[in-house]
file coords_33.csv (CSV, C-alpha atoms and all ligand atoms)
chain,number,residue,atom,x,y,z
K,1,MET,CA,-61.9,-137.8,-141.1
K,2,ARG,CA,-58.5,-138.6,-139.5
K,3,ILE,CA,-57.4,-135.9,-137.1
K,4,ALA,CA,-54.0,-135.6,-135.4
K,5,VAL,CA,-53.5,-133.3,-132.5
K,6,ALA,CA,-49.9,-132.0,-131.8
K,7,GLY,CA,-48.9,-130.2,-128.7
K,8,SER,CA,-47.8,-130.5,-125.1
K,9,ILE,CA,-48.2,-133.7,-123.0
K,10,ALA,CA,-47.5,-133.1,-119.3
K,11,THR,CA,-48.6,-133.8,-115.8
K,12,ASP,CA,-49.4,-131.2,-113.1
K,13,HIS,CA,-48.2,-132.0,-109.5
K,14,LEU,CA,-50.2,-129.7,-107.2
K,15,MET,CA,-49.4,-129.5,-103.5
K,16,SER,CA,-51.0,-127.6,-100.7
K,17,PHE,CA,-48.9,-126.2,-97.8
K,18,PRO,CA,-51.0,-125.6,-94.7
K,19,GLY,CA,-49.0,-122.5,-93.7
K,20,ARG,CA,-47.7,-119.3,-95.1
K,21,PHE,CA,-44.6,-119.0,-97.3
K,22,ALA,CA,-44.1,-115.5,-95.9
K,23,ASP,CA,-43.6,-117.0,-92.4
K,24,GLN,CA,-40.8,-119.2,-93.6
K,25,LEU,CA,-38.9,-116.6,-95.6
K,26,ILE,CA,-36.4,-114.7,-93.5
K,27,PRO,CA,-35.7,-111.4,-95.2
K,28,ASP,CA,-32.0,-111.0,-94.4
K,29,GLN,CA,-31.3,-114.7,-95.2
K,30,LEU,CA,-32.7,-114.7,-98.7
K,31,HIS,CA,-29.2,-115.1,-100.2
K,32,THR,CA,-29.1,-118.6,-98.7
K,33,VAL,CA,-32.6,-119.9,-99.0
K,34,SER,CA,-33.0,-123.6,-98.4
K,35,LEU,CA,-36.6,-124.4,-97.6
K,36,SER,CA,-38.7,-127.5,-97.6
K,37,PHE,CA,-42.4,-127.2,-97.1
K,38,LEU,CA,-44.2,-130.1,-95.5
K,39,VAL,CA,-47.2,-130.4,-97.7
K,40,ASP,CA,-50.3,-132.3,-96.8
K,41,GLU,CA,-51.8,-132.9,-100.2
K,42,LEU,CA,-50.5,-134.0,-103.6
K,43,GLU,CA,-52.7,-134.1,-106.6
K,44,ILE,CA,-51.3,-135.4,-109.9
K,45,ARG,CA,-53.3,-134.4,-112.9
K,46,ARG,CA,-52.9,-135.5,-116.4
K,47,GLY,CA,-52.6,-132.6,-118.8
K,48,GLY,CA,-50.9,-131.0,-121.7
K,49,VAL,CA,-53.0,-129.4,-124.4
K,50,ALA,CA,-52.7,-132.2,-127.0
K,51,ALA,CA,-53.4,-134.9,-124.5
K,52,ASN,CA,-56.5,-133.0,-123.2
K,53,ILE,CA,-57.9,-132.5,-126.6
K,54,CYS,CA,-57.4,-136.1,-127.6
K,55,PHE,CA,-59.0,-137.3,-124.3
K,56,GLY,CA,-62.2,-135.4,-125.1
K,57,MET,CA,-62.3,-136.6,-128.7
K,58,GLY,CA,-61.7,-140.2,-127.5
K,59,LEU,CA,-64.6,-139.9,-125.0
K,60,LEU,CA,-66.8,-138.8,-127.9
K,61,GLY,CA,-65.9,-142.0,-129.7
K,62,ARG,CA,-63.2,-140.8,-132.1
K,63,ARG,CA,-59.7,-142.2,-132.3
K,64,PRO,CA,-57.5,-139.0,-132.5
K,65,ILE,CA,-53.8,-139.4,-133.1
K,66,LEU,CA,-51.7,-137.8,-130.4
K,67,VAL,CA,-48.5,-136.2,-131.6
K,68,GLY,CA,-45.9,-135.0,-129.0
K,69,ALA,CA,-42.8,-135.9,-127.0
K,70,VAL,CA,-42.7,-137.6,-123.6
K,71,GLY,CA,-40.2,-139.5,-121.4
K,72,ASP,CA,-40.0,-143.1,-120.5
K,73,ASP,CA,-42.2,-142.4,-117.5
K,74,PHE,CA,-45.1,-142.2,-119.9
K,75,ALA,CA,-46.4,-145.8,-119.6
K,76,ASP,CA,-49.3,-145.1,-117.1
K,77,TYR,CA,-50.4,-142.0,-118.9
K,78,ARG,CA,-50.2,-143.8,-122.2
K,79,SER,CA,-52.5,-146.6,-121.0
K,80,TRP,CA,-55.0,-144.1,-119.6
K,81,LEU,CA,-55.2,-142.3,-122.9
K,82,GLU,CA,-55.4,-145.6,-124.9
K,83,ARG,CA,-58.2,-146.7,-122.6
K,84,HIS,CA,-60.0,-143.5,-123.6
K,85,GLY,CA,-59.6,-144.1,-127.3
K,86,VAL,CA,-56.5,-142.1,-128.1
K,87,ASP,CA,-54.0,-143.4,-130.7
K,88,THR,CA,-50.6,-142.9,-128.9
K,89,ALA,CA,-48.5,-145.0,-131.3
K,90,SER,CA,-46.8,-141.9,-132.8
K,91,VAL,CA,-45.8,-140.3,-129.5
K,92,HIS,CA,-42.1,-139.7,-129.5
K,93,VAL,CA,-40.3,-141.2,-126.4
K,94,SER,CA,-37.2,-139.4,-125.3
K,95,ASP,CA,-34.1,-141.4,-124.2
K,96,LEU,CA,-32.8,-138.5,-122.1
K,97,HIS,CA,-35.6,-136.5,-120.5
K,98,HIS,CA,-38.7,-137.0,-118.4
K,99,THR,CA,-42.2,-136.0,-119.5
K,100,ALA,CA,-42.9,-132.3,-119.0
K,101,ARG,CA,-44.1,-131.6,-115.5
K,102,PHE,CA,-45.6,-128.6,-113.7
K,103,LEU,CA,-44.9,-128.6,-110.0
K,104,CYS,CA,-46.8,-126.1,-107.9
K,105,THR,CA,-47.1,-125.6,-104.2
K,106,THR,CA,-49.9,-123.3,-102.9
K,107,ASP,CA,-50.0,-122.0,-99.4
K,108,GLN,CA,-53.0,-121.1,-97.3
K,109,ASP,CA,-53.1,-117.6,-98.7
K,110,HIS,CA,-53.1,-118.9,-102.3
K,111,ASN,CA,-49.6,-117.8,-102.9
K,112,GLN,CA,-47.8,-120.1,-105.2
K,113,ILE,CA,-44.3,-121.3,-105.9
K,114,ALA,CA,-44.1,-123.2,-109.1
K,115,SER,CA,-41.7,-124.6,-111.7
K,116,PHE,CA,-42.3,-125.9,-115.1
K,117,TYR,CA,-39.9,-128.6,-116.4
K,118,THR,CA,-40.2,-128.8,-120.2
K,119,GLY,CA,-38.2,-132.0,-120.4
K,120,ALA,CA,-38.9,-134.2,-123.3
K,121,MET,CA,-41.2,-131.6,-124.9
K,122,SER,CA,-38.1,-130.0,-126.5
K,123,GLU,CA,-37.7,-133.1,-128.6
K,124,ALA,CA,-41.1,-132.6,-130.3
K,125,ARG,CA,-39.2,-130.6,-132.9
K,126,GLN,CA,-37.8,-134.0,-134.1
K,127,ILE,CA,-41.2,-135.3,-135.0
K,128,GLU,CA,-42.1,-135.5,-138.7
K,129,LEU,CA,-45.7,-135.8,-139.7
K,130,GLN,CA,-45.4,-137.7,-142.9
K,131,PRO,CA,-44.5,-141.1,-141.3
K,132,ILE,CA,-47.6,-140.6,-139.1
K,133,ALA,CA,-49.8,-139.9,-142.1
K,134,ASP,CA,-48.3,-143.0,-143.8
K,135,ARG,CA,-49.0,-145.1,-140.8
K,136,VAL,CA,-52.7,-144.2,-140.5
K,137,GLY,CA,-53.5,-143.9,-144.2
K,138,GLY,CA,-53.4,-140.0,-144.5
K,139,LEU,CA,-54.3,-137.1,-142.3
K,140,ASP,CA,-57.3,-134.8,-143.0
K,141,LEU,CA,-56.5,-132.2,-140.3
K,142,VAL,CA,-53.6,-131.6,-137.9
K,143,LEU,CA,-54.3,-129.3,-134.9
K,144,ILE,CA,-51.1,-127.6,-133.9
K,145,GLY,CA,-51.3,-126.6,-130.2
K,146,ALA,CA,-49.0,-125.1,-127.7
K,147,ASP,CA,-45.7,-127.1,-127.7
K,148,ASP,CA,-42.0,-126.6,-128.1
K,149,PRO,CA,-42.0,-123.5,-130.3
K,150,ASP,CA,-39.6,-125.0,-132.9
K,151,ALA,CA,-42.0,-128.0,-133.1
K,152,MET,CA,-44.9,-125.7,-133.7
K,153,ILE,CA,-43.1,-124.0,-136.6
K,154,ARG,CA,-41.9,-127.3,-138.0
K,155,HIS,CA,-45.4,-128.9,-138.0
K,156,THR,CA,-47.0,-125.9,-139.5
K,157,GLU,CA,-44.4,-125.7,-142.3
K,158,GLU,CA,-44.7,-129.4,-143.0
K,159,CYS,CA,-48.5,-129.2,-143.2
K,160,ARG,CA,-48.2,-126.2,-145.6
K,161,ALA,CA,-45.6,-128.0,-147.8
K,162,ARG,CA,-47.6,-131.3,-148.0
K,163,GLY,CA,-51.0,-129.6,-148.3
K,164,ILE,CA,-52.3,-131.1,-145.1
K,165,PRO,CA,-55.1,-128.8,-143.7
K,166,PHE,CA,-54.1,-127.5,-140.2
K,167,ALA,CA,-55.7,-125.8,-137.3
K,168,ALA,CA,-53.6,-123.2,-135.5
K,169,ASP,CA,-54.1,-123.2,-131.7
K,170,PRO,CA,-51.0,-121.4,-130.4
K,171,SER,CA,-52.6,-120.3,-127.0
K,172,GLN,CA,-50.0,-119.9,-124.3
K,173,GLN,CA,-47.1,-119.9,-126.7
K,174,LEU,CA,-48.4,-116.8,-128.5
K,175,ALA,CA,-46.9,-114.5,-125.8
K,176,ARG,CA,-43.4,-115.8,-126.3
K,177,MET,CA,-43.2,-116.4,-130.0
K,178,ASP,CA,-42.2,-113.9,-132.7
K,179,ASP,CA,-43.0,-115.8,-135.8
K,180,VAL,CA,-46.7,-115.8,-135.3
K,181,ARG,CA,-47.5,-115.0,-138.9
K,182,ASP,CA,-45.9,-118.3,-139.9
K,183,LEU,CA,-48.1,-120.2,-137.4
K,184,ILE,CA,-51.4,-119.0,-138.7
K,185,ASP,CA,-51.0,-118.1,-142.4
K,186,GLY,CA,-53.1,-120.5,-144.4
K,187,ALA,CA,-54.7,-122.3,-141.4
K,188,ALA,CA,-58.0,-124.0,-142.1
K,189,TYR,CA,-59.0,-123.1,-138.5
K,190,LEU,CA,-57.6,-120.6,-136.0
K,191,PHE,CA,-58.6,-121.1,-132.4
K,192,THR,CA,-58.0,-118.4,-129.8
K,193,ASN,CA,-59.8,-116.9,-126.8
K,194,GLU,CA,-60.5,-113.2,-126.9
K,195,TYR,CA,-57.3,-112.1,-125.3
K,196,GLU,CA,-55.3,-114.3,-127.6
K,197,LYS,CA,-57.2,-112.9,-130.6
K,198,SER,CA,-55.9,-109.4,-129.8
K,199,LEU,CA,-52.4,-110.7,-129.1
K,200,CYS,CA,-52.5,-112.4,-132.5
K,201,GLU,CA,-53.3,-109.2,-134.2
K,202,GLN,CA,-50.7,-107.3,-132.3
K,203,LYS,CA,-48.0,-109.9,-132.9
K,204,THR,CA,-48.7,-110.4,-136.6
K,205,GLY,CA,-49.3,-106.7,-137.3
K,206,TRP,CA,-52.4,-107.8,-139.2
K,207,THR,CA,-55.8,-106.3,-138.7
K,208,SER,CA,-58.7,-108.6,-137.7
K,209,GLU,CA,-59.8,-108.6,-141.4
K,210,GLU,CA,-56.3,-109.4,-142.6
K,211,VAL,CA,-56.1,-112.4,-140.2
K,212,LEU,CA,-59.5,-113.5,-141.5
K,213,SER,CA,-58.4,-113.3,-145.1
K,214,ARG,CA,-55.6,-115.7,-144.3
K,215,VAL,CA,-57.4,-118.4,-142.4
K,216,GLY,CA,-60.5,-120.5,-143.3
K,217,VAL,CA,-62.5,-120.2,-140.1
K,218,ARG,CA,-61.6,-118.2,-137.1
K,219,VAL,CA,-63.0,-119.6,-133.8
K,220,THR,CA,-62.9,-117.2,-130.8
K,221,THR,CA,-64.0,-118.6,-127.5
K,222,LEU,CA,-65.6,-116.0,-125.2
K,223,GLY,CA,-65.6,-117.8,-121.8
K,224,PRO,CA,-69.1,-117.8,-120.3
K,225,LYS,CA,-70.3,-115.9,-123.4
K,226,GLY,CA,-69.7,-118.9,-125.6
K,227,VAL,CA,-68.0,-118.6,-128.9
K,228,ARG,CA,-67.9,-116.5,-132.1
K,229,ILE,CA,-67.1,-118.0,-135.5
K,230,ASP,CA,-66.0,-115.8,-138.4
K,231,ARG,CA,-65.3,-116.5,-142.0
K,232,ALA,CA,-64.3,-113.9,-144.6
K,233,GLY,CA,-67.3,-112.5,-146.4
K,234,GLU,CA,-69.8,-114.1,-144.1
K,235,PRO,CA,-71.7,-112.8,-141.1
K,236,SER,CA,-70.3,-113.7,-137.7
K,237,LEU,CA,-72.0,-116.7,-136.0
K,238,HIS,CA,-72.4,-116.5,-132.2
K,239,VAL,CA,-73.2,-119.6,-130.2
K,240,ASP,CA,-74.1,-119.2,-126.5
K,241,ALA,CA,-72.2,-121.2,-123.9
K,242,ALA,CA,-74.0,-124.3,-122.6
K,243,PRO,CA,-75.5,-123.9,-119.1
K,244,GLU,CA,-73.1,-125.5,-116.6
K,245,VAL,CA,-74.4,-127.4,-113.7
K,246,LYS,CA,-71.7,-126.3,-111.2
K,247,LYS,CA,-68.5,-124.4,-111.8
K,248,VAL,CA,-65.7,-126.2,-110.2
K,249,GLU,CA,-62.4,-125.4,-112.0
K,250,PRO,CA,-61.7,-124.0,-115.4
K,251,THR,CA,-58.4,-125.7,-116.3
K,252,GLY,CA,-58.8,-127.4,-119.6
K,253,VAL,CA,-62.1,-125.9,-120.7
K,254,GLY,CA,-60.6,-124.4,-123.9
K,255,ASP,CA,-59.1,-127.8,-124.7
K,256,ALA,CA,-62.5,-129.6,-124.1
K,257,PHE,CA,-64.1,-127.0,-126.4
K,258,ARG,CA,-61.7,-127.9,-129.2
K,259,ALA,CA,-62.3,-131.6,-128.6
K,260,GLY,CA,-66.1,-131.2,-129.0
K,261,PHE,CA,-65.7,-128.9,-132.0
K,262,LEU,CA,-63.3,-131.1,-133.9
K,263,THR,CA,-65.3,-134.2,-133.2
K,264,ALA,CA,-68.5,-132.6,-134.6
K,265,LEU,CA,-66.6,-131.5,-137.7
K,266,SER,CA,-65.4,-135.1,-138.1
K,267,TRP,CA,-69.0,-136.2,-138.0
K,268,ASP,CA,-69.6,-133.8,-140.9
K,269,LEU,CA,-71.9,-131.5,-138.9
K,270,SER,CA,-72.2,-127.7,-139.5
K,271,LEU,CA,-70.0,-125.1,-137.8
K,272,GLU,CA,-72.9,-124.2,-135.6
K,273,ARG,CA,-73.3,-127.7,-134.4
K,274,ALA,CA,-69.6,-128.0,-133.9
K,275,ALA,CA,-69.6,-124.9,-131.7
K,276,GLN,CA,-72.5,-126.2,-129.7
K,277,ALA,CA,-70.7,-129.6,-129.2
K,278,GLY,CA,-67.6,-127.7,-128.2
K,279,ASN,CA,-69.4,-125.5,-125.7
K,280,LEU,CA,-71.2,-128.5,-124.1
K,281,LEU,CA,-68.0,-130.5,-123.7
K,282,ALA,CA,-66.3,-127.4,-122.2
K,283,ALA,CA,-69.1,-127.2,-119.7
K,284,HIS,CA,-68.3,-130.9,-118.7
K,285,ALA,CA,-64.7,-129.9,-118.1
K,286,LEU,CA,-65.7,-126.9,-116.0
K,287,GLU,CA,-67.7,-129.1,-113.7
K,288,VAL,CA,-64.7,-131.1,-112.5
K,289,ALA,CA,-61.2,-130.4,-111.1
K,290,GLY,CA,-58.6,-131.2,-113.7
K,291,PRO,CA,-58.7,-131.3,-117.5
K,292,GLN,CA,-59.2,-135.0,-117.9
K,293,GLU,CA,-61.6,-135.8,-115.0
K,294,TYR,CA,-64.9,-135.5,-116.7
K,295,THR,CA,-66.9,-138.5,-117.9
K,296,LEU,CA,-69.5,-138.8,-120.6
K,297,HIS,CA,-72.7,-140.7,-121.0
K,298,GLY,CA,-74.0,-140.7,-124.5
K,299,GLU,CA,-77.7,-140.4,-123.6
K,300,HIS,CA,-77.1,-137.8,-120.9
K,301,PHE,CA,-74.9,-135.8,-123.4
K,302,VAL,CA,-77.7,-135.8,-125.9
K,303,GLU,CA,-80.3,-134.7,-123.3
K,304,ARG,CA,-78.1,-131.8,-122.2
K,305,PHE,CA,-77.6,-130.9,-125.9
K,306,ALA,CA,-81.3,-130.8,-126.4
K,307,ASP,CA,-81.8,-128.7,-123.3
K,308,ALA,CA,-79.2,-126.2,-124.4
K,309,TYR,CA,-79.6,-126.1,-128.2
K,310,GLY,CA,-82.9,-127.8,-129.0
K,311,LYS,CA,-84.1,-131.2,-130.0
K,312,ASP,CA,-83.3,-131.1,-133.7
K,313,ALA,CA,-79.7,-130.1,-133.1
K,314,ALA,CA,-79.4,-132.8,-130.5
K,315,GLY,CA,-80.8,-135.3,-133.0
K,316,GLU,CA,-77.9,-134.7,-135.4
K,317,VAL,CA,-75.4,-135.4,-132.6
K,318,ALA,CA,-77.3,-138.4,-131.3
K,319,GLN,CA,-76.7,-140.3,-134.6
K,320,HIS,CA,-73.0,-140.4,-133.8
K,321,LEU,CA,-73.0,-141.4,-130.2
U,1,LIG,N1,-68.8,-120.1,-117.1
U,1,LIG,C1,-68.9,-120.9,-118.2
U,1,LIG,N2,-70.1,-121.5,-118.4
U,1,LIG,C2,-70.2,-122.3,-119.5
U,1,LIG,N3,-69.3,-122.5,-120.4
U,1,LIG,C3,-68.1,-121.9,-120.3
U,1,LIG,C4,-67.9,-121.0,-119.2
U,1,LIG,N4,-66.6,-120.6,-119.3
U,1,LIG,C5,-66.1,-121.1,-120.4
U,1,LIG,N5,-67.0,-121.9,-121.0
U,1,LIG,C6,-66.9,-122.7,-122.2
U,1,LIG,O1,-65.5,-122.9,-122.5
U,1,LIG,C7,-65.1,-122.4,-123.7
U,1,LIG,C8,-63.7,-121.9,-123.7
U,1,LIG,O2,-63.6,-121.0,-122.6
U,1,LIG,P1,-62.5,-119.8,-122.7
U,1,LIG,O3,-62.9,-118.8,-123.8
U,1,LIG,O4,-62.4,-119.2,-121.3
U,1,LIG,O5,-61.2,-120.6,-123.1
U,1,LIG,P2,-59.7,-120.4,-122.6
U,1,LIG,O6,-59.5,-119.0,-122.1
U,1,LIG,O7,-58.8,-120.8,-123.8
U,1,LIG,O8,-59.6,-121.4,-121.4
U,1,LIG,P3,-58.3,-122.2,-120.9
U,1,LIG,O9,-57.2,-121.9,-121.8
U,1,LIG,O10,-58.1,-121.7,-119.5
U,1,LIG,O11,-58.8,-123.6,-121.0
U,1,LIG,C9,-66.1,-121.3,-124.0
U,1,LIG,O12,-66.2,-121.1,-125.4
U,1,LIG,C10,-67.4,-121.9,-123.4
U,1,LIG,O13,-67.9,-122.9,-124.3
U,2,MG,MG,-56.9,-121.5,-123.7

call {"tool": "encode", "arguments": {"input": "coords_33.csv", "output": "structure tokens"}}
result
Amino acid sequence: MRIAVAGSIATDHLMSFPGRFADQLIPDQLHTVSLSFLVDELEIRRGGVAANICFGMGLLGRRPILVGAVGDDFADYRSWLERHGVDTASVHVSDLHHTARFLCTTDQDHNQIASFYTGAMSEARQIELQPIADRVGGLDLVLIGADDPDAMIRHTEECRARGIPFAADPSQQLARMDDVRDLIDGAAYLFTNEYEKSLCEQKTGWTSEEVLSRVGVRVTTLGPKGVRIDRAGEPSLHVDAAPEVKKVEPTGVGDAFRAGFLTALSWDLSLERAAQAGNLLAAHALEVAGPQEYTLHGEHFVERFADAYGKDAAGEVAQHL
């Protein structure tokens, strides 16, 4: 099963200011603000939803195809992803813009001043899927994640027109998009968290049942409560979260879930197994700071799978690791 993952590719630059922004802001001089904060820490984290999902799938031994737009500063990030099994040959490289970047400075009171530079991401709308399908010998599923909104619409329309099954995963972009019906109608899978599920219904004007009648499988992640899987005419399936060892930082847990879920599907396992694999990979992401900082050891993964979901279930996964 060949899976392409389309969506944002970005880096986060996180700085800590060992003081208080409020002490530097002079109320009657705000019309001429020119401030520089001497920060004592810079963390650069690889991120972007598509890159995060591909990273997790690569760790599990698949070779997912990353689809998105970057700048010519992508070389290091590309080799990192390639080293982790990701096919980056179809990533579009902009001549004009840098890779999307999130810059955030946090002060000692946890106040933040941040900017998000979309940069090359706006060129994702220029990407056509057919040449990618031709290069790899056909696509069995395309996940369409948060990205340039025009790119999301274009990829969805192309999948529909060419009959390529797609998974809708609009997440953060749901809030700002109006054509949400176009994004999810006919999706083989719809991924949301609980909040996004309500937002989906509000934005489409469809009831929960109507949404379900228009997608194959609806996957709703429930944070520490795990995940619920719904299909029209079938009882809901609930799968508990995997026990985590230590909670460090939740960025990227949703993406890790998708990576585990899609990988298990590509192994031809059941939806229940896929949900379990997703939950367990998400727990790995929760245990580190940053969306692509976790590591995976096949045997250890299988052991944890057995502890969380039983020996038989773990046995099905073990065959593929
Ligand atoms: N406290 C937790 N313990 C174990 N697993 C968790 C916990 N929180 C989240 N998870 C796992 O992560 C999955 C996704 O979490 P969640 O529903 O919070 O996604 P999300 O809101 O899309 O997250 P984000 O977008 O911030 O990555 C859950 O289905 C579950 O498997
Ligand atoms: Mg999410």

call {"tool": "atom_distance", "arguments": {"input": "coords_33.csv", "atom1": "atom O5 of ligand LIG 1 (chain U)", "atom2": "atom CA of K:Leu222"}}
result
6.7 Å

call {"tool": "closest_residue", "arguments": {"input": "coords_33.csv", "among": "K:Gly7, K:Gly137, K:Gly254, K:Gly119", "to": "ligand MG 2 (chain U)", "atoms": "all atoms listed in the file"}}
result
K:Gly254

call {"tool": "residues_near_ligand", "arguments": {"input": "coords_33.csv", "ligand": "ligand LIG 1 (chain U)", "cutoff": "9 Å", "atoms": "only C-alpha atoms and all ligand atoms", "output": "PyMOL selection string"}}
result
chain K and resi 49+171-172+191-196+220-228+239-247+250-258+275-286+291

call {"tool": "closest_residue", "arguments": {"input": "coords_33.csv", "among": "K:Ala22, K:Ile53, K:Ile229, K:Leu14", "to": "K:Gln292", "atoms": "only C-alpha atoms"}}
result
K:Ile53

call {"tool": "atom_distance", "arguments": {"input": "coords_33.csv", "atom1": "atom CA of K:Leu81", "atom2": "atom CA of K:Thr106"}}
result
28.1 Å

call {"tool": "closest_residue", "arguments": {"input": "coords_33.csv", "among": "K:Asp268, K:Asp169, K:Asp230, K:Glu209", "to": "ligand MG 2 (chain U)", "atoms": "only C-alpha atoms and all ligand atoms"}}
result
K:Asp169

call {"tool": "residues_around", "arguments": {"input": "coords_33.csv", "residues": "K:Arg231", "least_positions_apart": "4", "cutoff": "8 Å", "atoms": "all atoms listed in the file", "output": "PyMOL selection string"}}
result
chain K and resi 212+216-218+235-236

call {"tool": "atom_distance", "arguments": {"input": "coords_33.csv", "atom1": "atom CA of K:Ala146", "atom2": "atom CA of K:Arg125"}}
result
12.4 Å

call {"tool": "residues_around", "arguments": {"input": "coords_33.csv", "residues": "K:Ala114", "least_positions_apart": "5", "cutoff": "7 Å", "atoms": "all atoms listed in the file", "output": "count of residues only"}}
result
3

call {"tool": "closest_residue", "arguments": {"input": "coords_33.csv", "among": "K:Val142, K:Ile132, K:Val67, K:Ala50", "to": "ligand MG 2 (chain U)", "atoms": "all atoms listed in the file"}}
result
K:Ala50

call {"tool": "residues_around", "arguments": {"input": "coords_33.csv", "residues": "K:Pro170", "least_positions_apart": "3", "cutoff": "7 Å", "atoms": "all atoms listed in the file", "output": "list of chain:residue names"}}
result
K:Gly145, K:Ala146, K:Gln173, K:Leu174

call {"tool": "closest_residue", "arguments": {"input": "coords_33.csv", "among": "K:Gly48, K:Gly310, K:Gly163, K:Gly205", "to": "ligand MG 2 (chain U)", "atoms": "all atoms listed in the file"}}
result
K:Gly48

call {"tool": "residues_around", "arguments": {"input": "coords_33.csv", "residues": "stretch 177-183 of chain K", "least_positions_apart": "3", "cutoff": "7 Å", "atoms": "all atoms listed in the file", "output": "number ranges by chain"}}
result
K: 153, 156, 168, 173-174, 203-204

call {"tool": "residues_around", "arguments": {"input": "coords_33.csv", "residues": "K:His155", "least_positions_apart": "6", "cutoff": "9 Å", "atoms": "only C-alpha atoms", "output": "number ranges by chain"}}
result
K: 6, 125, 127-129, 142, 144

call {"tool": "closest_residue", "arguments": {"input": "coords_33.csv", "among": "K:His31, K:His300, K:Lys197, K:Lys311", "to": "ligand MG 2 (chain U)", "atoms": "all atoms listed in the file"}}
result
K:Lys197
